[in-house]
Each structure stands twice: as structure tokens, then as C-alpha cells.
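*Asks:* Got a structure for you, protein-v8.pdb, holding PDB, C-alpha atoms, pLDDT in the B column.
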```pdb
ATOM      1  CA  MET A  21      51.435 -56.270 -26.059  1.00 75.00           C
ATOM      2  CA  LYS A  22      48.818 -56.977 -23.374  1.00 82.00           C
ATOM      3  CA  ILE A  23      48.731 -54.917 -20.216  1.00 85.00           C
ATOM      4  CA  THR A  24      46.681 -55.325 -17.050  1.00 90.00           C
ATOM      5  CA  ILE A  25      45.551 -52.250 -15.153  1.00 91.00           C
ATOM      6  CA  SER A  26      43.812 -52.153 -11.790  1.00 93.00           C
ATOM      7  CA  ALA A  27      41.800 -49.027 -11.038  1.00 93.00           C
ATOM      8  CA  LEU A  28      40.050 -48.137  -7.811  1.00 95.00           C
ATOM      9  CA  VAL A  29      37.090 -45.920  -8.667  1.00 95.00           C
ATOM     10  CA  GLU A  30      34.125 -44.380  -6.921  1.00 94.00           C
ATOM     11  CA  ASN A  31      31.133 -46.694  -7.176  1.00 93.00           C
ATOM     12  CA  LYS A  32      28.963 -44.262  -9.159  1.00 91.00           C
ATOM     13  CA  PRO A  33      26.983 -44.374 -12.414  1.00 92.00           C
ATOM     14  CA  GLY A  34      28.873 -43.489 -15.577  1.00 90.00           C
ATOM     15  CA  VAL A  35      32.404 -44.313 -14.376  1.00 91.00           C
ATOM     16  CA  LEU A  36      32.663 -47.427 -16.537  1.00 90.00           C
ATOM     17  CA  THR A  37      31.536 -45.513 -19.624  1.00 90.00           C
ATOM     18  CA  ARG A  38      34.090 -42.736 -19.112  1.00 90.00           C
ATOM     19  CA  ILE A  39      36.953 -45.187 -18.594  1.00 90.00           C
ATOM     20  CA  SER A  40      36.125 -47.406 -21.570  1.00 87.00           C
ATOM     21  CA  GLY A  41      35.705 -44.296 -23.748  1.00 87.00           C
ATOM     22  CA  LEU A  42      39.155 -43.101 -22.741  1.00 86.00           C
ATOM     23  CA  PHE A  43      40.691 -46.386 -23.888  1.00 82.00           C
ATOM     24  CA  ALA A  44      38.836 -46.224 -27.202  1.00 82.00           C
ATOM     25  CA  ARG A  45      39.958 -42.646 -27.886  1.00 83.00           C
ATOM     26  CA  ARG A  46      43.584 -43.642 -27.289  1.00 78.00           C
ATOM     27  CA  ALA A  47      43.423 -46.641 -29.685  1.00 77.00           C
ATOM     28  CA  PHE A  48      43.709 -49.283 -26.983  1.00 79.00           C
ATOM     29  CA  ASN A  49      41.569 -52.365 -27.504  1.00 82.00           C
ATOM     30  CA  ILE A  50      40.017 -53.636 -24.255  1.00 87.00           C
ATOM     31  CA  ASP A  51      40.367 -57.428 -24.195  1.00 89.00           C
ATOM     32  CA  SER A  52      38.517 -57.809 -20.902  1.00 91.00           C
ATOM     33  CA  LEU A  53      37.102 -55.538 -18.258  1.00 92.00           C
ATOM     34  CA  THR A  54      35.775 -56.601 -14.884  1.00 94.00           C
ATOM     35  CA  ALA A  55      34.317 -54.363 -12.231  1.00 93.00           C
ATOM     36  CA  GLY A  56      32.895 -54.987  -8.811  1.00 92.00           C
ATOM     37  CA  PRO A  57      32.686 -53.537  -5.331  1.00 92.00           C
ATOM     38  CA  THR A  58      35.646 -53.828  -2.968  1.00 93.00           C
ATOM     39  CA  GLU A  59      35.636 -54.288   0.795  1.00 95.00           C
ATOM     40  CA  ASN A  60      34.310 -50.707   0.836  1.00 95.00           C
ATOM     41  CA  PRO A  61      30.907 -50.571  -0.940  1.00 92.00           C
ATOM     42  CA  GLU A  62      31.598 -46.979  -2.053  1.00 95.00           C
ATOM     43  CA  ILE A  63      34.643 -48.090  -4.073  1.00 95.00           C
ATOM     44  CA  SER A  64      34.817 -50.482  -7.022  1.00 95.00           C
ATOM     45  CA  ARG A  65      37.862 -52.208  -8.484  1.00 95.00           C
ATOM     46  CA  MET A  66      38.149 -52.358 -12.241  1.00 94.00           C
ATOM     47  CA  THR A  67      40.605 -54.765 -13.834  1.00 94.00           C
ATOM     48  CA  ILE A  68      41.279 -53.939 -17.459  1.00 92.00           C
ATOM     49  CA  VAL A  69      43.273 -56.093 -19.854  1.00 90.00           C
ATOM     50  CA  ALA A  70      44.093 -54.133 -22.982  1.00 85.00           C
ATOM     51  CA  THR A  71      46.185 -54.451 -26.098  1.00 79.00           C
ATOM     52  CA  GLN A  72      48.597 -51.559 -26.321  1.00 69.00           C
ATOM     53  CA  ALA A  73      48.437 -49.700 -29.604  1.00 61.00           C
ATOM     54  CA  ALA A  74      49.985 -46.457 -30.804  1.00 57.00           C
ATOM     55  CA  HIS A  75      50.191 -44.627 -27.471  1.00 60.00           C
ATOM     56  CA  PRO A  76      52.381 -45.524 -24.512  1.00 68.00           C
ATOM     57  CA  LEU A  77      50.730 -46.853 -21.358  1.00 72.00           C
ATOM     58  CA  GLU A  78      51.866 -43.852 -19.314  1.00 76.00           C
ATOM     59  CA  GLN A  79      49.591 -41.612 -21.367  1.00 77.00           C
ATOM     60  CA  ILE A  80      46.551 -43.743 -20.534  1.00 79.00           C
ATOM     61  CA  GLU A  81      47.483 -43.816 -16.847  1.00 81.00           C
ATOM     62  CA  LYS A  82      47.816 -40.017 -16.736  1.00 83.00           C
ATOM     63  CA  GLN A  83      44.461 -39.600 -18.473  1.00 84.00           C
ATOM     64  CA  LEU A  84      42.810 -42.066 -16.060  1.00 87.00           C
ATOM     65  CA  HIS A  85      44.135 -40.115 -13.063  1.00 84.00           C
ATOM     66  CA  LYS A  86      42.493 -36.964 -14.459  1.00 84.00           C
ATOM     67  CA  LEU A  87      39.022 -38.538 -14.397  1.00 85.00           C
ATOM     68  CA  VAL A  88      37.057 -37.259 -11.406  1.00 80.00           C
ATOM     69  CA  ASN A  89      35.884 -40.629 -10.066  1.00 90.00           C
ATOM     70  CA  VAL A  90      39.247 -42.445 -10.315  1.00 92.00           C
ATOM     71  CA  ILE A  91      41.008 -42.922  -6.981  1.00 93.00           C
ATOM     72  CA  ARG A  92      44.085 -44.972  -7.927  1.00 92.00           C
ATOM     73  CA  VAL A  93      45.480 -46.621 -11.064  1.00 91.00           C
ATOM     74  CA  THR A  94      48.102 -49.376 -11.008  1.00 89.00           C
ATOM     75  CA  GLU A  95      49.721 -51.325 -13.819  1.00 88.00           C
ATOM     76  CA  MET A  96      49.812 -54.932 -12.652  1.00 90.00           C
ATOM     77  CA  ASP A  97      53.323 -56.376 -12.836  1.00 90.00           C
ATOM     78  CA  PRO A  98      52.916 -60.050 -13.848  1.00 88.00           C
ATOM     79  CA  ASP A  99      55.714 -61.058 -11.458  1.00 90.00           C
ATOM     80  CA  ASN A 100      54.182 -59.279  -8.458  1.00 93.00           C
ATOM     81  CA  SER A 101      50.491 -59.942  -8.928  1.00 92.00           C
ATOM     82  CA  VAL A 102      48.009 -62.781  -9.098  1.00 93.00           C
ATOM     83  CA  GLY A 103      45.232 -62.941 -11.640  1.00 93.00           C
ATOM     84  CA  ARG A 104      42.471 -65.381 -12.510  1.00 95.00           C
ATOM     85  CA  GLU A 105      39.572 -65.806 -14.912  1.00 96.00           C
ATOM     86  CA  LEU A 106      36.476 -67.973 -14.635  1.00 97.00           C
ATOM     87  CA  MET A 107      35.029 -70.039 -17.464  1.00 98.00           C
ATOM     88  CA  LEU A 108      31.685 -71.793 -17.570  1.00 98.00           C
ATOM     89  CA  ILE A 109      31.539 -74.215 -20.465  1.00 98.00           C
ATOM     90  CA  LYS A 110      28.658 -76.410 -21.602  1.00 98.00           C
ATOM     91  CA  VAL A 111      29.629 -79.469 -23.648  1.00 98.00           C
ATOM     92  CA  HIS A 112      27.844 -82.420 -25.177  1.00 97.00           C
ATOM     93  CA  ALA A 113      28.190 -85.271 -22.701  1.00 96.00           C
ATOM     94  CA  PRO A 114      26.619 -88.538 -23.771  1.00 95.00           C
ATOM     95  CA  PRO A 115      26.699 -91.135 -20.970  1.00 93.00           C
ATOM     96  CA  ASN A 116      29.565 -93.087 -22.592  1.00 95.00           C
ATOM     97  CA  LYS A 117      31.831 -89.961 -22.596  1.00 95.00           C
ATOM     98  CA  ARG A 118      31.041 -88.488 -19.177  1.00 96.00           C
ATOM     99  CA  ILE A 119      33.803 -90.232 -17.262  1.00 96.00           C
ATOM    100  CA  GLU A 120      36.370 -88.939 -19.772  1.00 96.00           C
ATOM    101  CA  ILE A 121      35.026 -85.402 -19.455  1.00 97.00           C
ATOM    102  CA  PHE A 122      34.907 -85.594 -15.639  1.00 97.00           C
ATOM    103  CA  ASP A 123      38.555 -86.738 -15.629  1.00 97.00           C
ATOM    104  CA  ILE A 124      39.621 -83.793 -17.788  1.00 98.00           C
ATOM    105  CA  VAL A 125      37.669 -81.350 -15.602  1.00 98.00           C
ATOM    106  CA  ASN A 126      39.346 -82.810 -12.493  1.00 98.00           C
ATOM    107  CA  THR A 127      42.790 -82.603 -14.102  1.00 97.00           C
ATOM    108  CA  PHE A 128      42.233 -78.872 -14.582  1.00 98.00           C
ATOM    109  CA  ARG A 129      40.989 -78.582 -10.968  1.00 97.00           C
ATOM    110  CA  GLY A 130      37.558 -77.608 -12.219  1.00 98.00           C
ATOM    111  CA  LYS A 131      34.072 -78.610 -11.104  1.00 98.00           C
ATOM    112  CA  VAL A 132      31.123 -80.065 -12.927  1.00 98.00           C
ATOM    113  CA  ILE A 133      28.293 -77.822 -11.757  1.00 98.00           C
ATOM    114  CA  ASP A 134      25.372 -79.098 -13.836  1.00 97.00           C
ATOM    115  CA  VAL A 135      24.512 -82.320 -15.635  1.00 96.00           C
ATOM    116  CA  SER A 136      21.563 -82.974 -17.923  1.00 95.00           C
ATOM    117  CA  ARG A 137      20.707 -85.927 -20.163  1.00 94.00           C
ATOM    118  CA  SER A 138      22.883 -84.706 -23.015  1.00 96.00           C
ATOM    119  CA  THR A 139      25.185 -81.962 -21.678  1.00 97.00           C
ATOM    120  CA  LEU A 140      27.186 -80.893 -18.683  1.00 97.00           C
ATOM    121  CA  VAL A 141      28.455 -77.541 -17.469  1.00 98.00           C
ATOM    122  CA  ALA A 142      31.949 -77.244 -16.032  1.00 98.00           C
ATOM    123  CA  GLU A 143      33.505 -74.389 -14.092  1.00 98.00           C
ATOM    124  CA  VAL A 144      37.247 -73.807 -14.441  1.00 98.00           C
ATOM    125  CA  THR A 145      39.353 -70.982 -13.037  1.00 97.00           C
ATOM    126  CA  GLY A 146      42.906 -70.035 -13.861  1.00 96.00           C
ATOM    127  CA  ASP A 147      45.025 -67.929 -16.141  1.00 92.00           C
ATOM    128  CA  THR A 148      44.179 -67.352 -19.795  1.00 90.00           C
ATOM    129  CA  ASP A 149      46.480 -70.115 -21.053  1.00 93.00           C
ATOM    130  CA  LYS A 150      44.920 -72.705 -18.742  1.00 97.00           C
ATOM    131  CA  LEU A 151      41.398 -71.811 -19.840  1.00 97.00           C
ATOM    132  CA  ARG A 152      42.412 -71.858 -23.506  1.00 96.00           C
ATOM    133  CA  ALA A 153      43.973 -75.330 -23.091  1.00 97.00           C
ATOM    134  CA  PHE A 154      40.851 -76.634 -21.352  1.00 98.00           C
ATOM    135  CA  GLN A 155      38.586 -75.225 -24.044  1.00 98.00           C
ATOM    136  CA  GLU A 156      40.715 -76.813 -26.778  1.00 98.00           C
ATOM    137  CA  LEU A 157      40.262 -80.228 -25.141  1.00 97.00           C
ATOM    138  CA  MET A 158      36.512 -79.730 -24.863  1.00 98.00           C
ATOM    139  CA  VAL A 159      36.220 -79.053 -28.619  1.00 97.00           C
ATOM    140  CA  ASN A 160      36.482 -82.819 -29.151  1.00 95.00           C
ATOM    141  CA  TYR A 161      33.249 -83.357 -27.213  1.00 97.00           C
ATOM    142  CA  GLY A 162      31.312 -80.529 -28.837  1.00 97.00           C
ATOM    143  CA  ILE A 163      31.084 -77.161 -27.128  1.00 98.00           C
ATOM    144  CA  VAL A 164      27.529 -75.888 -26.803  1.00 98.00           C
ATOM    145  CA  GLU A 165      28.212 -72.581 -24.996  1.00 98.00           C
ATOM    146  CA  VAL A 166      31.059 -70.729 -23.299  1.00 98.00           C
ATOM    147  CA  ALA A 167      30.914 -67.822 -20.851  1.00 97.00           C
ATOM    148  CA  ARG A 168      34.083 -66.253 -19.458  1.00 95.00           C
ATOM    149  CA  THR A 169      34.722 -63.499 -17.007  1.00 93.00           C
ATOM    150  CA  GLY A 170      37.499 -61.087 -17.628  1.00 90.00           C
ATOM    151  CA  LYS A 171      40.650 -61.228 -15.601  1.00 93.00           C
ATOM    152  CA  VAL A 172      40.596 -60.135 -11.968  1.00 94.00           C
ATOM    153  CA  ALA A 173      43.927 -59.340 -10.345  1.00 93.00           C
ATOM    154  CA  LEU A 174      45.526 -58.190  -7.109  1.00 93.00           C
ATOM    155  CA  SER A 175      49.112 -57.289  -6.330  1.00 91.00           C
ATOM    156  CA  ARG A 176      51.064 -59.617  -4.063  1.00 92.00           C
ATOM    157  CA  GLY A 177      52.019 -58.710  -0.525  1.00 84.00           C
ATOM    158  CA  ARG A 178      51.299 -55.322   0.966  1.00 74.00           C
TER
END
```
Represent the structure of the file as C-alpha cells.

*Replies:*
Amino acid sequence: MKITISALVENKPGVLTRISGLFARRAFNIDSLTAGPTENPEISRMTIVATQAAHPLEQIEKQLHKLVNVIRVTEMDPDNSVGRELMLIKVHAPPNKRIEIFDIVNTFRGKVIDVSRSTLVAEVTGDTDKLRAFQELMVNYGIVEVARTGKVALSRGR
């Protein structure tokens, strides 16, 4: 089962290492981890998507709260939060296929951000399923490279 956790942490060296080590020791596999400063430059938000293993989530949350630099930990409820990922994907794009590729990118509300003689780079944002579906369509054109961010998420409302 996949879980998404949002953690507000002090923006200090070593915090990321301590948190990822905690997940490893508890047999949770981290599927994605994003971190960046918040509106307060002294605080960072980490969004962690993990596959739950032998231990219940509550144990991880309690352990996270014990870490000195952790301010707040929240499990993101899929019904009361919004989350997105970003994918940059470079595909083979011969001139006779570009219109098809542009149409697919537009259908997924993406952007073509770079075009060369033989390839193009598209940017698509959305949930994991949307990005997976887009990538599957691009396989037909020949994927050269893919780079994806991890999930970022915020709770809805106040």
C-alpha cells in the first residue's frame, strides 16, 4: 500500500539523511521524496511517498516526531489533499510525426519546451496515473530520456 506523508522540517544539513534512514530501518521503501523550502526559508517541506511494509504507519510517524529537526508530520488523505508530479520526457520526433506528438502533448495539457532536428522535450504535470499513461503513448515514438520529480502535495482548505 502506498502512503504519502508531508513533513515540515528545519532547513538544516543532515535532516534528509536522518529521515530517509528512518524509513529504511523500518522496512519502508521510499518511492519518491521531494524536499524544498516553504514560504519560510528556515523550514522545508518534504513529501514522501512510500510503500508500507511490515510496520504500521503510526510507528513511522511517531519515530519521525522524535527527530530533533522535524516540526510536523501529516499523512496526506487522498480525498482531502492535492498532489502533482512533473515529468520531462525527450522523444524521437521526426518532422512527419511532430504534429501527432504535439497533439498528444496538448491532450495531456502538457507543453513542448524544446525542439531539435530529431527530438523534442515535453513537460507534463499530473498524478502518477496520468504521467504513466502519457509515457506509455510516447513509447511508440521512441523515448530517449525521462526525468520525473517525486510527488508534491498539500492538504485542501485550511

*Asks:* Using the chain letters and numbers from this file, what does the PyMOL selection byres ((chain A and resi 172) around 7) select? Give the answer as JSON, numbers by chain.

*Replies:* {"A": [54, 67, 103, 104, 105, 170, 171, 173]}

*Asks:* Any chance you could work out the residue set of the PyMOL selection byres ((chain A and resi 132) around 6) here, as a VMD selection string?

*Replies:* chain A and resid 131 133 to 134 141 to 142

*Asks:* For a cut-off of 12 Å around (42.7, -80.5, -17.3), file coordinates, pick out all residues using all atoms listed in the file and list them as a ChimeraX atom specification.

*Replies:* /A:120-131,142-146,149-158

*Asks:* I need the residues from that last selection saved to file as a compact mmCIF listing (two decimals), in the frame of the given file (with C-alpha atoms), if you can.

*Replies:*
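Below is the file out02.txt, written as the result:
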```txt
# COMPACT_ATOMS: atom_id res chain seq x y z
CA GLU A 120 36.37 -88.94 -19.77
CA ILE A 121 35.03 -85.40 -19.45
CA PHE A 122 34.91 -85.59 -15.64
CA ASP A 123 38.56 -86.74 -15.63
CA ILE A 124 39.62 -83.79 -17.79
CA VAL A 125 37.67 -81.35 -15.60
CA ASN A 126 39.35 -82.81 -12.49
CA THR A 127 42.79 -82.60 -14.10
CA PHE A 128 42.23 -78.87 -14.58
CA ARG A 129 40.99 -78.58 -10.97
CA GLY A 130 37.56 -77.61 -12.22
CA LYS A 131 34.07 -78.61 -11.10
CA ALA A 142 31.95 -77.24 -16.03
CA GLU A 143 33.51 -74.39 -14.09
CA VAL A 144 37.25 -73.81 -14.44
CA THR A 145 39.35 -70.98 -13.04
CA GLY A 146 42.91 -70.04 -13.86
CA ASP A 149 46.48 -70.11 -21.05
CA LYS A 150 44.92 -72.70 -18.74
CA LEU A 151 41.40 -71.81 -19.84
CA ARG A 152 42.41 -71.86 -23.51
CA ALA A 153 43.97 -75.33 -23.09
CA PHE A 154 40.85 -76.63 -21.35
CA GLN A 155 38.59 -75.22 -24.04
CA GLU A 156 40.72 -76.81 -26.78
CA LEU A 157 40.26 -80.23 -25.14
CA MET A 158 36.51 -79.73 -24.86
```

*Asks:* In Å, rounded to a single decimal, give me how far CA of Ile63 (chain A) is from CA of Val88 (chain A).

*Replies:*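 Distance between the two atoms: 13.3 Å.
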
*Asks:* Determine the nearest neighbour of Lys110 (chain A) from the options A:Arg178, A:Lys32, A:Arg168, A:Lys22, counting all atoms listed in the file.

*Replies:*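 When distances to Lys110 (chain A) are compared using all atoms listed in the file, the smallest one comes from A:Arg168.
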
*Asks:* Need the shell around region 111-115 of chain A: protein/DNA/RNA residues with any atom at most 6 Å away, counting only C-alpha atoms. Skip same-chain ones fewer than 2 positions apart. Format as a VMD selection string?

*Replies:* chain A and resid 117 to 118 138 to 140 161 to 164

*Asks:* Give me the residues within 9 Å of Ala70 (chain A) as a PyMOL selection string, counting only C-alpha atoms and dropping any in the same chain fewer than 3 places off.

*Replies:* chain A and resi 21-25+43+48-53

*Asks:* Evaluate the PyMOL selection byres ((chain A and resi 97) around 10) against this structure - the residues, as JSON, numbers by chain, please.

*Replies:* {"A": [23, 24, 25, 94, 95, 96, 98, 99, 100, 101, 102, 174, 175, 176]}

*Asks:* So how many Å separate CA of Arg65 (chain A) and CA of Leu36 (chain A), to one decimal?

*Replies:*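 Going from CA of Arg65 (chain A) over to CA of Leu36 (chain A) covers 10.7 Å.
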
*Asks:* Measure the distance from CA of Ser136 (chain A) to CA of Thr169 (chain A) in Å and round it to one decimal.

*Replies:*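 Going from CA of Ser136 (chain A) over to CA of Thr169 (chain A), I get 23.5 Å.
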
*Asks:* Just checking: using only C-alpha atoms, which residue out of A:Leu42, A:Leu84, A:Val159, A:Val93 ends up closest to Ser26 (chain A)?

*Replies:*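 Closest residue, counting only C-alpha atoms: A:Val93.
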
*Asks:* If I only want region 126-145 of chain A, can you write it with N, CA and C atoms, as a PDB file, in the first residue's frame?

*Replies:*
```
ATOM      1  N   ASN A 126      -0.696  18.155 -26.112  1.00  0.00           N
ATOM      2  CA  ASN A 126      -1.794  19.088 -25.825  1.00  0.00           C
ATOM      3  C   ASN A 126      -2.968  18.389 -25.155  1.00  0.00           C
ATOM      4  N   THR A 127      -3.270  17.174 -25.563  1.00  0.00           N
ATOM      5  CA  THR A 127      -4.361  16.418 -24.951  1.00  0.00           C
ATOM      6  C   THR A 127      -4.109  16.209 -23.463  1.00  0.00           C
ATOM      7  N   PHE A 128      -2.850  16.021 -23.096  1.00  0.00           N
ATOM      8  CA  PHE A 128      -2.488  15.822 -21.695  1.00  0.00           C
ATOM      9  C   PHE A 128      -2.193  17.144 -20.982  1.00  0.00           C
ATOM     10  N   ARG A 129      -2.535  18.254 -21.623  1.00  0.00           N
ATOM     11  CA  ARG A 129      -2.308  19.604 -21.095  1.00  0.00           C
ATOM     12  C   ARG A 129      -0.843  19.844 -20.758  1.00  0.00           C
ATOM     13  N   GLY A 130       0.027  19.294 -21.586  1.00  0.00           N
ATOM     14  CA  GLY A 130       1.457  19.480 -21.397  1.00  0.00           C
ATOM     15  C   GLY A 130       1.973  20.582 -22.297  1.00  0.00           C
ATOM     16  N   LYS A 131       3.279  20.765 -22.297  1.00  0.00           N
ATOM     17  CA  LYS A 131       3.941  21.771 -23.123  1.00  0.00           C
ATOM     18  C   LYS A 131       5.148  21.138 -23.791  1.00  0.00           C
ATOM     19  N   VAL A 132       5.375  21.506 -25.024  1.00  0.00           N
ATOM     20  CA  VAL A 132       6.633  21.164 -25.676  1.00  0.00           C
ATOM     21  C   VAL A 132       7.583  22.290 -25.320  1.00  0.00           C
ATOM     22  N   ILE A 133       8.690  21.958 -24.655  1.00  0.00           N
ATOM     23  CA  ILE A 133       9.585  23.003 -24.156  1.00  0.00           C
ATOM     24  C   ILE A 133      10.911  23.080 -24.910  1.00  0.00           C
ATOM     25  N   ASP A 134      11.162  22.088 -25.781  1.00  0.00           N
ATOM     26  CA  ASP A 134      12.385  22.131 -26.582  1.00  0.00           C
ATOM     27  C   ASP A 134      12.188  21.262 -27.817  1.00  0.00           C
ATOM     28  N   VAL A 135      12.673  21.766 -28.945  1.00  0.00           N
ATOM     29  CA  VAL A 135      12.607  21.010 -30.195  1.00  0.00           C
ATOM     30  C   VAL A 135      13.969  21.094 -30.868  1.00  0.00           C
ATOM     31  N   SER A 136      14.464  19.928 -31.298  1.00  0.00           N
ATOM     32  CA  SER A 136      15.697  19.896 -32.083  1.00  0.00           C
ATOM     33  C   SER A 136      15.379  19.227 -33.415  1.00  0.00           C
ATOM     34  N   ARG A 137      16.377  18.963 -34.216  1.00  0.00           N
ATOM     35  CA  ARG A 137      16.131  18.336 -35.526  1.00  0.00           C
ATOM     36  C   ARG A 137      15.505  16.954 -35.419  1.00  0.00           C
ATOM     37  N   SER A 138      15.869  16.207 -34.363  1.00  0.00           N
ATOM     38  CA  SER A 138      15.395  14.828 -34.296  1.00  0.00           C
ATOM     39  C   SER A 138      14.599  14.477 -33.039  1.00  0.00           C
ATOM     40  N   THR A 139      14.564  15.374 -32.053  1.00  0.00           N
ATOM     41  CA  THR A 139      13.851  15.079 -30.807  1.00  0.00           C
ATOM     42  C   THR A 139      13.055  16.295 -30.353  1.00  0.00           C
ATOM     43  N   LEU A 140      12.182  16.035 -29.384  1.00  0.00           N
ATOM     44  CA  LEU A 140      11.547  17.135 -28.666  1.00  0.00           C
ATOM     45  C   LEU A 140      11.438  16.752 -27.208  1.00  0.00           C
ATOM     46  N   VAL A 141      11.334  17.767 -26.361  1.00  0.00           N
ATOM     47  CA  VAL A 141      11.168  17.559 -24.925  1.00  0.00           C
ATOM     48  C   VAL A 141       9.817  18.129 -24.534  1.00  0.00           C
ATOM     49  N   ALA A 142       9.018  17.292 -23.853  1.00  0.00           N
ATOM     50  CA  ALA A 142       7.712  17.726 -23.377  1.00  0.00           C
ATOM     51  C   ALA A 142       7.711  17.749 -21.858  1.00  0.00           C
ATOM     52  N   GLU A 143       6.905  18.650 -21.324  1.00  0.00           N
ATOM     53  CA  GLU A 143       6.702  18.781 -19.883  1.00  0.00           C
ATOM     54  C   GLU A 143       5.240  18.478 -19.599  1.00  0.00           C
ATOM     55  N   VAL A 144       4.994  17.529 -18.706  1.00  0.00           N
ATOM     56  CA  VAL A 144       3.631  17.161 -18.334  1.00  0.00           C
ATOM     57  C   VAL A 144       3.558  17.080 -16.820  1.00  0.00           C
ATOM     58  N   THR A 145       2.494  17.638 -16.249  1.00  0.00           N
ATOM     59  CA  THR A 145       2.269  17.533 -14.813  1.00  0.00           C
ATOM     60  C   THR A 145       0.943  16.831 -14.568  1.00  0.00           C
TER      61      THR A 145
END
```
